[in-house]
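Undergrad: One file: entry_13.csv (CSV, C-alpha atoms).
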```
chain,number,residue,atom,x,y,z
A,1,MET,CA,1.2,-35.0,19.9
A,2,ARG,CA,1.3,-36.3,23.3
A,3,TRP,CA,0.0,-39.9,22.8
A,4,ILE,CA,0.1,-42.1,19.8
A,5,TRP,CA,-3.0,-43.9,18.7
A,6,ILE,CA,-2.0,-45.2,15.3
A,7,ASP,CA,0.4,-48.1,14.7
A,8,LYS,CA,2.2,-47.2,11.5
A,9,PHE,CA,2.0,-45.5,8.2
A,10,ILE,CA,1.8,-47.7,5.1
A,11,GLU,CA,1.6,-44.9,2.5
A,12,PHE,CA,2.8,-41.3,2.7
A,13,GLU,CA,2.7,-38.9,-0.1
A,14,SER,CA,4.0,-35.5,1.1
A,15,GLY,CA,1.4,-32.8,1.0
A,16,LYS,CA,-1.2,-35.1,-0.5
A,17,ARG,CA,-2.2,-38.3,1.1
A,18,ALA,CA,-1.3,-40.7,4.0
A,19,VAL,CA,-2.6,-44.1,4.9
A,20,SER,CA,-2.1,-45.5,8.4
A,21,VAL,CA,-3.0,-48.7,10.3
A,22,LYS,CA,-4.5,-49.0,13.7
A,23,ASN,CA,-4.8,-52.5,15.2
A,24,VAL,CA,-7.5,-52.8,17.8
A,25,THR,CA,-6.9,-55.2,20.7
A,26,LEU,CA,-8.9,-56.4,23.7
A,27,ALA,CA,-5.8,-55.4,25.7
A,28,GLU,CA,-7.0,-51.8,25.4
A,29,GLU,CA,-8.7,-51.4,28.8
A,30,HIS,CA,-11.5,-49.1,27.8
A,31,LEU,CA,-12.9,-51.8,25.6
A,32,HIS,CA,-13.8,-53.7,28.8
A,33,ASP,CA,-16.1,-51.0,29.8
A,34,HIS,CA,-17.3,-49.9,26.3
A,35,PHE,CA,-19.3,-52.1,26.7
A,36,PRO,CA,-19.1,-54.9,29.3
A,37,GLY,CA,-19.7,-58.1,27.2
A,38,PHE,CA,-19.9,-56.1,24.0
A,39,PRO,CA,-16.5,-54.5,23.3
A,40,ILE,CA,-16.6,-52.0,20.5
A,41,MET,CA,-14.2,-49.1,19.6
A,42,PRO,CA,-15.6,-45.7,20.7
A,43,GLU,CA,-16.3,-43.5,17.7
A,44,CYS,CA,-14.4,-40.6,19.3
A,45,LEU,CA,-11.2,-42.7,19.2
A,46,MET,CA,-11.8,-43.4,15.5
A,47,ILE,CA,-11.8,-39.6,15.1
A,48,GLU,CA,-8.6,-39.4,17.1
A,49,ALA,CA,-6.9,-42.0,14.9
A,50,MET,CA,-7.9,-40.0,11.8
A,51,ALA,CA,-6.9,-36.7,13.5
A,52,GLN,CA,-3.4,-38.2,14.1
A,53,THR,CA,-3.1,-39.6,10.5
A,54,ALA,CA,-4.3,-36.4,8.9
A,55,GLY,CA,-2.6,-34.1,11.4
A,56,ILE,CA,0.8,-35.6,10.7
A,57,LEU,CA,0.1,-35.4,7.0
A,58,VAL,CA,-0.7,-31.7,7.3
A,59,GLY,CA,2.3,-31.1,9.7
A,60,GLU,CA,4.7,-32.8,7.4
A,61,ALA,CA,3.6,-30.7,4.4
A,62,ASN,CA,5.2,-27.7,6.2
A,63,LYS,CA,8.1,-29.8,7.5
A,64,PHE,CA,6.6,-29.6,11.0
A,65,GLN,CA,7.3,-25.9,11.3
A,66,GLU,CA,3.7,-25.1,12.1
A,67,LYS,CA,1.8,-26.1,15.2
A,68,VAL,CA,-1.1,-28.0,13.8
A,69,ILE,CA,-4.2,-28.5,16.0
A,70,LEU,CA,-7.5,-30.1,15.3
A,71,ALA,CA,-10.0,-27.2,14.8
A,72,LYS,CA,-13.2,-28.6,13.5
A,73,ILE,CA,-14.8,-32.0,12.7
A,74,LYS,CA,-16.5,-31.2,9.4
A,75,LYS,CA,-18.0,-34.6,9.0
A,76,ALA,CA,-18.0,-37.8,11.0
A,77,VAL,CA,-20.3,-40.6,9.8
A,78,PHE,CA,-20.0,-44.2,11.2
A,79,PHE,CA,-21.3,-47.2,9.3
A,80,ARG,CA,-20.1,-50.2,11.3
A,81,TYR,CA,-18.8,-51.3,14.7
A,82,VAL,CA,-15.1,-51.9,15.2
A,83,ARG,CA,-14.3,-54.9,17.4
A,84,PRO,CA,-11.1,-56.3,19.0
A,85,GLY,CA,-8.9,-57.9,16.4
A,86,ASP,CA,-9.9,-55.6,13.7
A,87,SER,CA,-7.2,-53.9,11.7
A,88,LEU,CA,-8.2,-50.4,10.6
A,89,ARG,CA,-6.9,-48.7,7.5
A,90,LEU,CA,-7.1,-44.9,7.8
A,91,GLU,CA,-6.9,-43.0,4.5
A,92,ALA,CA,-6.5,-39.2,4.7
A,93,ASP,CA,-6.2,-36.8,1.8
A,94,ILE,CA,-5.4,-33.0,2.0
A,95,GLU,CA,-8.3,-31.2,0.4
A,96,SER,CA,-7.3,-27.6,0.8
A,97,MET,CA,-4.2,-25.9,2.4
A,98,ALA,CA,-3.8,-22.2,3.3
A,99,PRO,CA,-1.2,-20.5,5.5
A,100,GLU,CA,-3.5,-20.5,8.5
A,101,ALA,CA,-5.3,-23.8,8.1
A,102,ALA,CA,-5.9,-27.1,6.2
A,103,SER,CA,-8.8,-29.3,5.5
A,104,THR,CA,-8.6,-33.1,5.0
A,105,CYS,CA,-11.1,-35.8,4.0
A,106,GLY,CA,-10.7,-39.3,5.2
A,107,LYS,CA,-12.1,-42.8,5.2
A,108,ILE,CA,-11.7,-45.7,7.7
A,109,LEU,CA,-11.8,-49.2,6.3
A,110,CYS,CA,-11.7,-52.6,7.8
A,111,GLY,CA,-10.7,-54.9,5.0
A,112,GLU,CA,-13.1,-54.0,2.2
A,113,LYS,CA,-15.7,-52.6,4.5
A,114,LEU,CA,-16.3,-48.9,5.0
A,115,ILE,CA,-16.3,-48.1,8.7
A,116,ALA,CA,-16.4,-44.3,8.7
A,117,GLU,CA,-16.0,-41.1,6.8
A,118,ILE,CA,-14.3,-38.3,8.7
A,119,ASP,CA,-13.5,-34.9,7.3
A,120,LEU,CA,-11.4,-32.5,9.5
A,121,MET,CA,-10.0,-29.0,9.7
A,122,PHE,CA,-6.7,-28.2,11.2
A,123,SER,CA,-5.5,-24.8,12.3
A,124,HIS,CA,-1.9,-23.5,12.2
A,125,ILE,CA,-2.2,-21.7,15.5
A,126,ASP,CA,0.7,-19.3,15.1
A,127,GLN,CA,-0.9,-17.9,12.0
A,128,ASN,CA,-4.3,-17.7,13.6
A,129,LEU,CA,-6.2,-16.9,16.8
A,130,GLY,CA,-5.8,-13.1,16.4
A,131,GLY,CA,-2.1,-12.8,17.3
A,132,LYS,CA,-2.1,-14.7,20.6
A,133,SER,CA,1.4,-16.0,21.2
A,134,PHE,CA,2.3,-19.6,21.9
A,135,PRO,CA,5.5,-21.2,23.1
A,136,GLU,CA,8.4,-21.3,20.6
A,137,GLU,CA,8.9,-25.0,20.8
A,138,ASN,CA,6.6,-27.2,18.8
A,139,PHE,CA,4.6,-28.9,21.5
A,140,VAL,CA,2.4,-30.6,18.9
A,141,PHE,CA,5.1,-32.5,17.1
A,142,THR,CA,7.5,-33.8,19.7
A,143,ASP,CA,10.1,-36.4,19.2
A,144,MET,CA,7.7,-39.0,20.5
A,145,PHE,CA,5.8,-39.4,17.3
A,146,LYS,CA,8.8,-39.3,15.0
A,147,SER,CA,9.2,-43.1,15.2
A,148,LEU,CA,6.0,-43.2,13.2
A,149,LEU,CA,7.8,-41.4,10.4
A,150,GLN,CA,10.2,-44.3,9.9
A,151,GLY,CA,9.5,-47.6,8.3
A,152,PRO,CA,8.5,-48.9,4.8
A,153,ALA,CA,6.2,-46.0,3.9
A,154,PHE,CA,9.2,-43.6,4.3
A,155,SER,CA,12.1,-45.6,2.8
A,156,GLU,CA,12.9,-46.3,-0.8
A,157,THR,CA,13.5,-49.9,-0.2
A,158,ASP,CA,11.4,-52.2,2.0
B,1,MET,CA,-21.4,-20.3,-18.7
B,2,ALA,CA,-22.5,-17.5,-16.4
B,3,MET,CA,-24.4,-18.5,-13.4
B,4,SER,CA,-27.5,-16.5,-12.4
B,5,ARG,CA,-27.7,-14.8,-9.0
B,6,ASP,CA,-30.3,-17.4,-7.9
B,7,GLU,CA,-28.0,-20.2,-8.8
B,8,ILE,CA,-25.1,-18.6,-6.9
B,9,PHE,CA,-27.4,-18.0,-4.0
B,10,SER,CA,-28.5,-21.6,-3.7
B,11,GLU,CA,-24.9,-22.9,-4.1
B,12,VAL,CA,-23.8,-20.5,-1.3
B,13,GLN,CA,-26.7,-21.6,0.8
B,14,GLU,CA,-25.6,-25.2,0.3
B,15,VAL,CA,-22.1,-24.4,1.4
B,16,LEU,CA,-23.3,-22.7,4.6
B,17,VAL,CA,-25.7,-25.6,5.4
B,18,GLU,CA,-22.8,-28.0,5.2
B,19,ALA,CA,-20.2,-25.8,6.9
B,20,LEU,CA,-22.3,-24.5,9.7
B,21,GLY,CA,-24.9,-27.3,10.2
B,22,VAL,CA,-27.8,-25.0,9.7
B,23,ASP,CA,-31.1,-25.5,7.9
B,24,ASP,CA,-31.5,-23.9,4.5
B,25,ASP,CA,-34.4,-21.9,5.6
B,26,GLU,CA,-32.1,-20.3,8.3
B,27,ALA,CA,-29.6,-19.3,5.7
B,28,THR,CA,-31.6,-16.4,4.2
B,29,GLY,CA,-30.0,-13.5,2.4
B,30,GLU,CA,-30.1,-11.2,5.4
B,31,ALA,CA,-28.9,-13.8,7.9
B,32,THR,CA,-25.6,-12.8,9.5
B,33,LEU,CA,-22.9,-15.5,9.6
B,34,MET,CA,-21.9,-15.0,13.3
B,35,GLY,CA,-25.1,-13.7,14.9
B,36,ASP,CA,-27.7,-15.7,13.1
B,37,LEU,CA,-25.9,-18.7,11.9
B,38,GLY,CA,-23.4,-19.1,14.7
B,39,ALA,CA,-20.1,-19.1,12.7
B,40,GLU,CA,-16.8,-19.1,14.5
B,41,SER,CA,-13.4,-18.1,13.2
B,42,ILE,CA,-12.5,-21.5,11.9
B,43,ASP,CA,-15.8,-21.7,10.1
B,44,PHE,CA,-14.8,-18.7,8.0
B,45,LEU,CA,-11.8,-20.7,6.7
B,46,ASP,CA,-14.0,-23.7,6.1
B,47,ILE,CA,-16.5,-21.6,4.2
B,48,VAL,CA,-13.6,-20.1,2.1
B,49,PHE,CA,-12.3,-23.6,1.2
B,50,ARG,CA,-15.8,-24.8,0.3
B,51,LEU,CA,-16.6,-21.8,-1.8
B,52,GLU,CA,-13.3,-22.2,-3.7
B,53,LYS,CA,-14.3,-25.8,-4.5
B,54,ALA,CA,-17.9,-25.2,-5.2
B,55,PHE,CA,-17.3,-22.3,-7.7
B,56,GLY,CA,-13.8,-23.2,-8.9
B,57,ILE,CA,-12.4,-19.9,-7.8
B,58,LYS,CA,-9.4,-18.8,-5.8
B,59,ILE,CA,-10.1,-16.6,-2.8
B,60,PRO,CA,-7.0,-14.8,-1.6
B,61,ARG,CA,-6.5,-14.6,2.1
B,62,GLU,CA,-8.3,-11.6,3.7
B,63,GLU,CA,-10.3,-10.8,0.6
B,64,LEU,CA,-13.7,-12.2,1.6
B,65,PHE,CA,-13.4,-11.6,5.4
B,66,PRO,CA,-10.8,-8.9,5.8
B,67,ILE,CA,-11.6,-7.4,9.1
B,68,GLU,CA,-8.9,-8.8,11.3
B,69,ASN,CA,-6.1,-6.6,9.9
B,70,LEU,CA,-8.2,-3.5,10.1
B,71,MET,CA,-9.1,-4.0,13.7
B,72,SER,CA,-5.6,-3.9,14.9
B,73,ASN,CA,-4.8,-0.5,13.3
B,74,PRO,CA,-5.4,2.5,15.6
B,75,GLU,CA,-5.9,4.7,12.5
B,76,TYR,CA,-9.0,2.7,11.7
B,77,VAL,CA,-10.4,2.0,15.1
B,78,SER,CA,-10.7,4.4,17.9
B,79,ALA,CA,-12.6,4.1,21.2
B,80,GLY,CA,-14.4,1.0,20.0
B,81,LYS,CA,-15.7,2.7,16.8
B,82,MET,CA,-14.5,2.6,13.3
B,83,THR,CA,-13.0,6.0,12.2
B,84,GLU,CA,-13.8,7.8,8.9
B,85,THR,CA,-10.5,6.6,7.5
B,86,GLY,CA,-11.4,3.1,8.7
B,87,LEU,CA,-14.8,3.2,7.0
B,88,VAL,CA,-13.2,4.3,3.7
B,89,GLU,CA,-10.7,1.5,3.9
B,90,LEU,CA,-13.5,-1.0,4.8
B,91,ARG,CA,-15.6,0.1,1.8
B,92,THR,CA,-12.6,-0.4,-0.5
B,93,LYS,CA,-11.8,-3.8,0.9
B,94,MET,CA,-15.4,-5.1,1.0
B,95,PRO,CA,-17.2,-3.6,-2.0
B,96,HIS,CA,-19.6,-6.6,-1.8
B,97,THR,CA,-21.0,-5.5,1.5
B,98,ASP,CA,-24.0,-3.4,2.5
B,99,PHE,CA,-22.7,-0.7,5.0
B,100,ALA,CA,-25.9,1.3,5.5
B,101,ALA,CA,-26.7,0.1,9.0
B,102,PHE,CA,-23.1,0.0,10.1
B,103,GLU,CA,-22.2,3.5,9.1
B,104,SER,CA,-24.9,5.1,11.3
B,105,ASP,CA,-23.3,3.3,14.3
B,106,PRO,CA,-19.8,2.0,13.5
B,107,ASP,CA,-19.4,0.0,16.7
B,108,ILE,CA,-16.7,-2.5,16.0
B,109,ASN,CA,-18.6,-5.1,18.0
B,110,LYS,CA,-21.1,-5.0,15.1
B,111,LEU,CA,-18.5,-5.6,12.4
B,112,GLY,CA,-19.5,-9.2,12.5
B,113,ASP,CA,-23.0,-8.3,11.3
B,114,LEU,CA,-21.5,-7.1,8.0
B,115,PHE,CA,-21.0,-10.7,7.0
B,116,THR,CA,-24.3,-11.8,5.7
B,117,VAL,CA,-25.3,-14.5,3.2
B,118,ASN,CA,-26.0,-11.8,0.7
B,119,SER,CA,-22.5,-10.3,1.1
B,120,ILE,CA,-21.0,-13.7,0.2
B,121,VAL,CA,-23.3,-14.0,-2.8
B,122,ASN,CA,-22.2,-10.5,-4.0
B,123,TYR,CA,-18.6,-11.4,-3.5
B,124,VAL,CA,-18.9,-14.7,-5.5
B,125,GLU,CA,-20.9,-12.9,-8.2
B,126,SER,CA,-18.2,-10.2,-8.7
B,127,LYS,CA,-15.5,-12.9,-8.6
B,128,LEU,CA,-17.2,-15.0,-11.3
B,129,ASN,CA,-17.9,-11.9,-13.5
B,130,ALA,CA,-14.3,-10.9,-13.3
B,131,ALA,CA,-13.1,-14.3,-14.4
```
Would you put the structure from the file into structure tokens?

TA:
Amino acid sequence: MRWIWIDKFIEFESGKRAVSVKNVTLAEEHLHDHFPGFPIMPECLMIEAMAQTAGILVGEANKFQEKVILAKIKKAVFFRYVRPGDSLRLEADIESMAPEAASTCGKILCGEKLIAEIDLMFSHIDQNLGGKSFPEENFVFTDMFKSLLQGPAFSETD
Amino acid sequence: MAMSRDEIFSEVQEVLVEALGVDDDEATGEATLMGDLGAESIDFLDIVFRLEKAFGIKIPREELFPIENLMSNPEYVSAGKMTETGLVELRTKMPHTDFAAFESDPDINKLGDLFTVNSIVNYVESKLNAA
């Protein structure tokens, strides 16, 4: 993962479920253009936030031994706008898991309100793509994102 | 309770409509997954996951779509065609498939055409009957 788009995990149940938070701020420059005078979070970036939440959940299930990449957006339905100041809650559940891939289903909420439903598929690329070889090092899960795996969701005491 | 072939067919059809974003009138029995319905490799896994859920069955890796391993074996594939040995192996591995057209011209580029909506229905039917 080369950029981090979620702020923290608040729940993490290995191999099953993860819940993360993404706070949206007007300091994000793209909101000034999307759109001038009417800043709303682009839907593709909601998918990115879910892909990171669910992707880390899938990666952690195999102790980050696999290179996990987003392979398919099975479903992405958006119900409401997300505006600066909103705090998004991203809930991701693993639906199926196989040696070569995993599928997840997820919801994005703002408070009680449903913002989006996003179901994804991830590929474990070393087990897939007809024997093409990839670099040894895990370029998906670098040290950069590991700070996300610290904090209350990961420690016994708060 | 046993499901009828029609019930299995409509459930399979629903899986394909969801997984591939096609209309149900496109997902006819003879439709090929790759050629007619535009399935790509990741879609095959998606379909396997969805079938497992829809029918409450476990589909072992390589059982429904087993061609990848066969393709890399020189004993089974020679000069772009499936060999006799390969065809025998294929028939054993995919008993739910109609090979009539493929056997007359076993060009490996046409292997994808073996995966039709009917072949999935056959597979699920045999799986449910075995359970």

Undergrad: For chain A, report every residue with an atom at most 10 Å from chain B (counting only C-alpha atoms), formatted as a PyMOL selection string.

TA: chain A and resi 71-72+74-75+95-103+120-123+128-131

Undergrad: I'd like the interatomic distance between CA of Cys110 (chain A) and CA of Arg17 (chain A), to a tenth of an Å.

TA: 18.4 Å

Undergrad: For each of B:Glu75, B:Glu11, B:Glu40, B:Glu125, take the minimum atom-to-atom distance to Ala54 (chain B), counting all atoms listed in the file, then give the residue where this is smallest.

TA: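 Distance minimum relative to Ala54 (chain B) lands on B:Glu11.
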
Undergrad: Using only C-alpha atoms, can you tell me which of B:Gly112, B:Gly56, B:Gly38, B:Pro106 comes closest to Lys81 (chain B)?

TA: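 Answer, going by the shortest atom-to-atom distance: B:Pro106.
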
Undergrad: Using all atoms listed in the file, determine which residues lie at most 12 Å from Pro95 (chain B), disregarding the query and same-chain residues fewer than 2 positions distant; provide the list as a list in words.

TA: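 Neighbouring residues, sequence-local ones excluded: Glu63, Leu64, Phe65, Pro66, Leu87, Val88, Glu89, Leu90, Arg91, Thr92, Lys93, Thr97, Asp98, Phe99, Leu114, Ser119, Ile120, Asn122, Tyr123, Val124, Glu125, Ser126 and Lys127 of chain B.
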
Undergrad: Go ahead and write the selection's residues with C-alpha atoms as an mmCIF file, in the coordinates of the input.

TA:
```cif
data_model
loop_
_atom_site.group_PDB
_atom_site.id
_atom_site.type_symbol
_atom_site.label_atom_id
_atom_site.label_comp_id
_atom_site.auth_asym_id
_atom_site.auth_seq_id
_atom_site.Cartn_x
_atom_site.Cartn_y
_atom_site.Cartn_z
ATOM 1 C CA GLU B 63 -10.300 -10.800 0.600
ATOM 2 C CA LEU B 64 -13.700 -12.200 1.600
ATOM 3 C CA PHE B 65 -13.400 -11.600 5.400
ATOM 4 C CA PRO B 66 -10.800 -8.900 5.800
ATOM 5 C CA LEU B 87 -14.800 3.200 7.000
ATOM 6 C CA VAL B 88 -13.200 4.300 3.700
ATOM 7 C CA GLU B 89 -10.700 1.500 3.900
ATOM 8 C CA LEU B 90 -13.500 -1.000 4.800
ATOM 9 C CA ARG B 91 -15.600 0.100 1.800
ATOM 10 C CA THR B 92 -12.600 -0.400 -0.500
ATOM 11 C CA LYS B 93 -11.800 -3.800 0.900
ATOM 12 C CA THR B 97 -21.000 -5.500 1.500
ATOM 13 C CA ASP B 98 -24.000 -3.400 2.500
ATOM 14 C CA PHE B 99 -22.700 -0.700 5.000
ATOM 15 C CA LEU B 114 -21.500 -7.100 8.000
ATOM 16 C CA SER B 119 -22.500 -10.300 1.100
ATOM 17 C CA ILE B 120 -21.000 -13.700 0.200
ATOM 18 C CA ASN B 122 -22.200 -10.500 -4.000
ATOM 19 C CA TYR B 123 -18.600 -11.400 -3.500
ATOM 20 C CA VAL B 124 -18.900 -14.700 -5.500
ATOM 21 C CA GLU B 125 -20.900 -12.900 -8.200
ATOM 22 C CA SER B 126 -18.200 -10.200 -8.700
ATOM 23 C CA LYS B 127 -15.500 -12.900 -8.600
#
```

Undergrad: If I put a ball of radius 12 Å at (-28.4, -14.8, 4.1) in the file's coordinates, which residues poke into it when counting all atoms listed in the file, written as a PDB file with C-alpha atoms, in the coordinates of the input?

TA:
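To be explicit, this is the file written out as selection_38.pdb:
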```pdb
ATOM      1  CA  PHE B   9     -27.400 -18.000  -4.000  1.00  0.00           C
ATOM      2  CA  SER B  10     -28.500 -21.600  -3.700  1.00  0.00           C
ATOM      3  CA  VAL B  12     -23.800 -20.500  -1.300  1.00  0.00           C
ATOM      4  CA  GLN B  13     -26.700 -21.600   0.800  1.00  0.00           C
ATOM      5  CA  GLU B  14     -25.600 -25.200   0.300  1.00  0.00           C
ATOM      6  CA  VAL B  15     -22.100 -24.400   1.400  1.00  0.00           C
ATOM      7  CA  LEU B  16     -23.300 -22.700   4.600  1.00  0.00           C
ATOM      8  CA  VAL B  17     -25.700 -25.600   5.400  1.00  0.00           C
ATOM      9  CA  VAL B  22     -27.800 -25.000   9.700  1.00  0.00           C
ATOM     10  CA  ASP B  23     -31.100 -25.500   7.900  1.00  0.00           C
ATOM     11  CA  ASP B  24     -31.500 -23.900   4.500  1.00  0.00           C
ATOM     12  CA  ASP B  25     -34.400 -21.900   5.600  1.00  0.00           C
ATOM     13  CA  GLU B  26     -32.100 -20.300   8.300  1.00  0.00           C
ATOM     14  CA  ALA B  27     -29.600 -19.300   5.700  1.00  0.00           C
ATOM     15  CA  THR B  28     -31.600 -16.400   4.200  1.00  0.00           C
ATOM     16  CA  GLY B  29     -30.000 -13.500   2.400  1.00  0.00           C
ATOM     17  CA  GLU B  30     -30.100 -11.200   5.400  1.00  0.00           C
ATOM     18  CA  ALA B  31     -28.900 -13.800   7.900  1.00  0.00           C
ATOM     19  CA  THR B  32     -25.600 -12.800   9.500  1.00  0.00           C
ATOM     20  CA  LEU B  33     -22.900 -15.500   9.600  1.00  0.00           C
ATOM     21  CA  MET B  34     -21.900 -15.000  13.300  1.00  0.00           C
ATOM     22  CA  GLY B  35     -25.100 -13.700  14.900  1.00  0.00           C
ATOM     23  CA  ASP B  36     -27.700 -15.700  13.100  1.00  0.00           C
ATOM     24  CA  LEU B  37     -25.900 -18.700  11.900  1.00  0.00           C
ATOM     25  CA  ASP B 113     -23.000  -8.300  11.300  1.00  0.00           C
ATOM     26  CA  LEU B 114     -21.500  -7.100   8.000  1.00  0.00           C
ATOM     27  CA  PHE B 115     -21.000 -10.700   7.000  1.00  0.00           C
ATOM     28  CA  THR B 116     -24.300 -11.800   5.700  1.00  0.00           C
ATOM     29  CA  VAL B 117     -25.300 -14.500   3.200  1.00  0.00           C
ATOM     30  CA  ASN B 118     -26.000 -11.800   0.700  1.00  0.00           C
ATOM     31  CA  SER B 119     -22.500 -10.300   1.100  1.00  0.00           C
ATOM     32  CA  ILE B 120     -21.000 -13.700   0.200  1.00  0.00           C
ATOM     33  CA  VAL B 121     -23.300 -14.000  -2.800  1.00  0.00           C
ATOM     34  CA  ASN B 122     -22.200 -10.500  -4.000  1.00  0.00           C
TER      35      ASN B 122
END
```

Undergrad: For Trp5 (chain A), which residue out of A:Leu26, A:Val68, A:Leu88, A:Leu57 is the nearest one, using only C-alpha atoms?

TA: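 Among the listed residues, A:Leu88 lies closest to Trp5 (chain A).
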
Undergrad: Mind giving me the straight-line distance from CA of Glu43 (chain A) to CA of Val58 (chain A) in Å, one decimal?

TA: 22.2 Å

Undergrad: Take CA of Ala76 (chain A) and CA of Ala116 (chain A) and report the distance between them in Å, one decimal.

TA: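 Value for the CA of Ala76 (chain A)-CA of Ala116 (chain A) distance: 7.1 Å.
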
Undergrad: Measuring between all atoms listed in the file, which one of A:Ser87, A:Phe64, A:Ile40, A:Phe154 shows the shortest distance to Glu112 (chain A)?

TA: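 Using all atoms listed in the file, Glu112 (chain A) sits closest to A:Ser87.
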
Undergrad: Leaving out Glu11 (chain A) and any residue of its chain fewer than 2 positions from it, which residues lie within 10 Å of it when counting only C-alpha atoms, given as a VMD selection string?

TA: chain A and resid 8 to 9 13 to 14 17 to 21 91 152 to 154
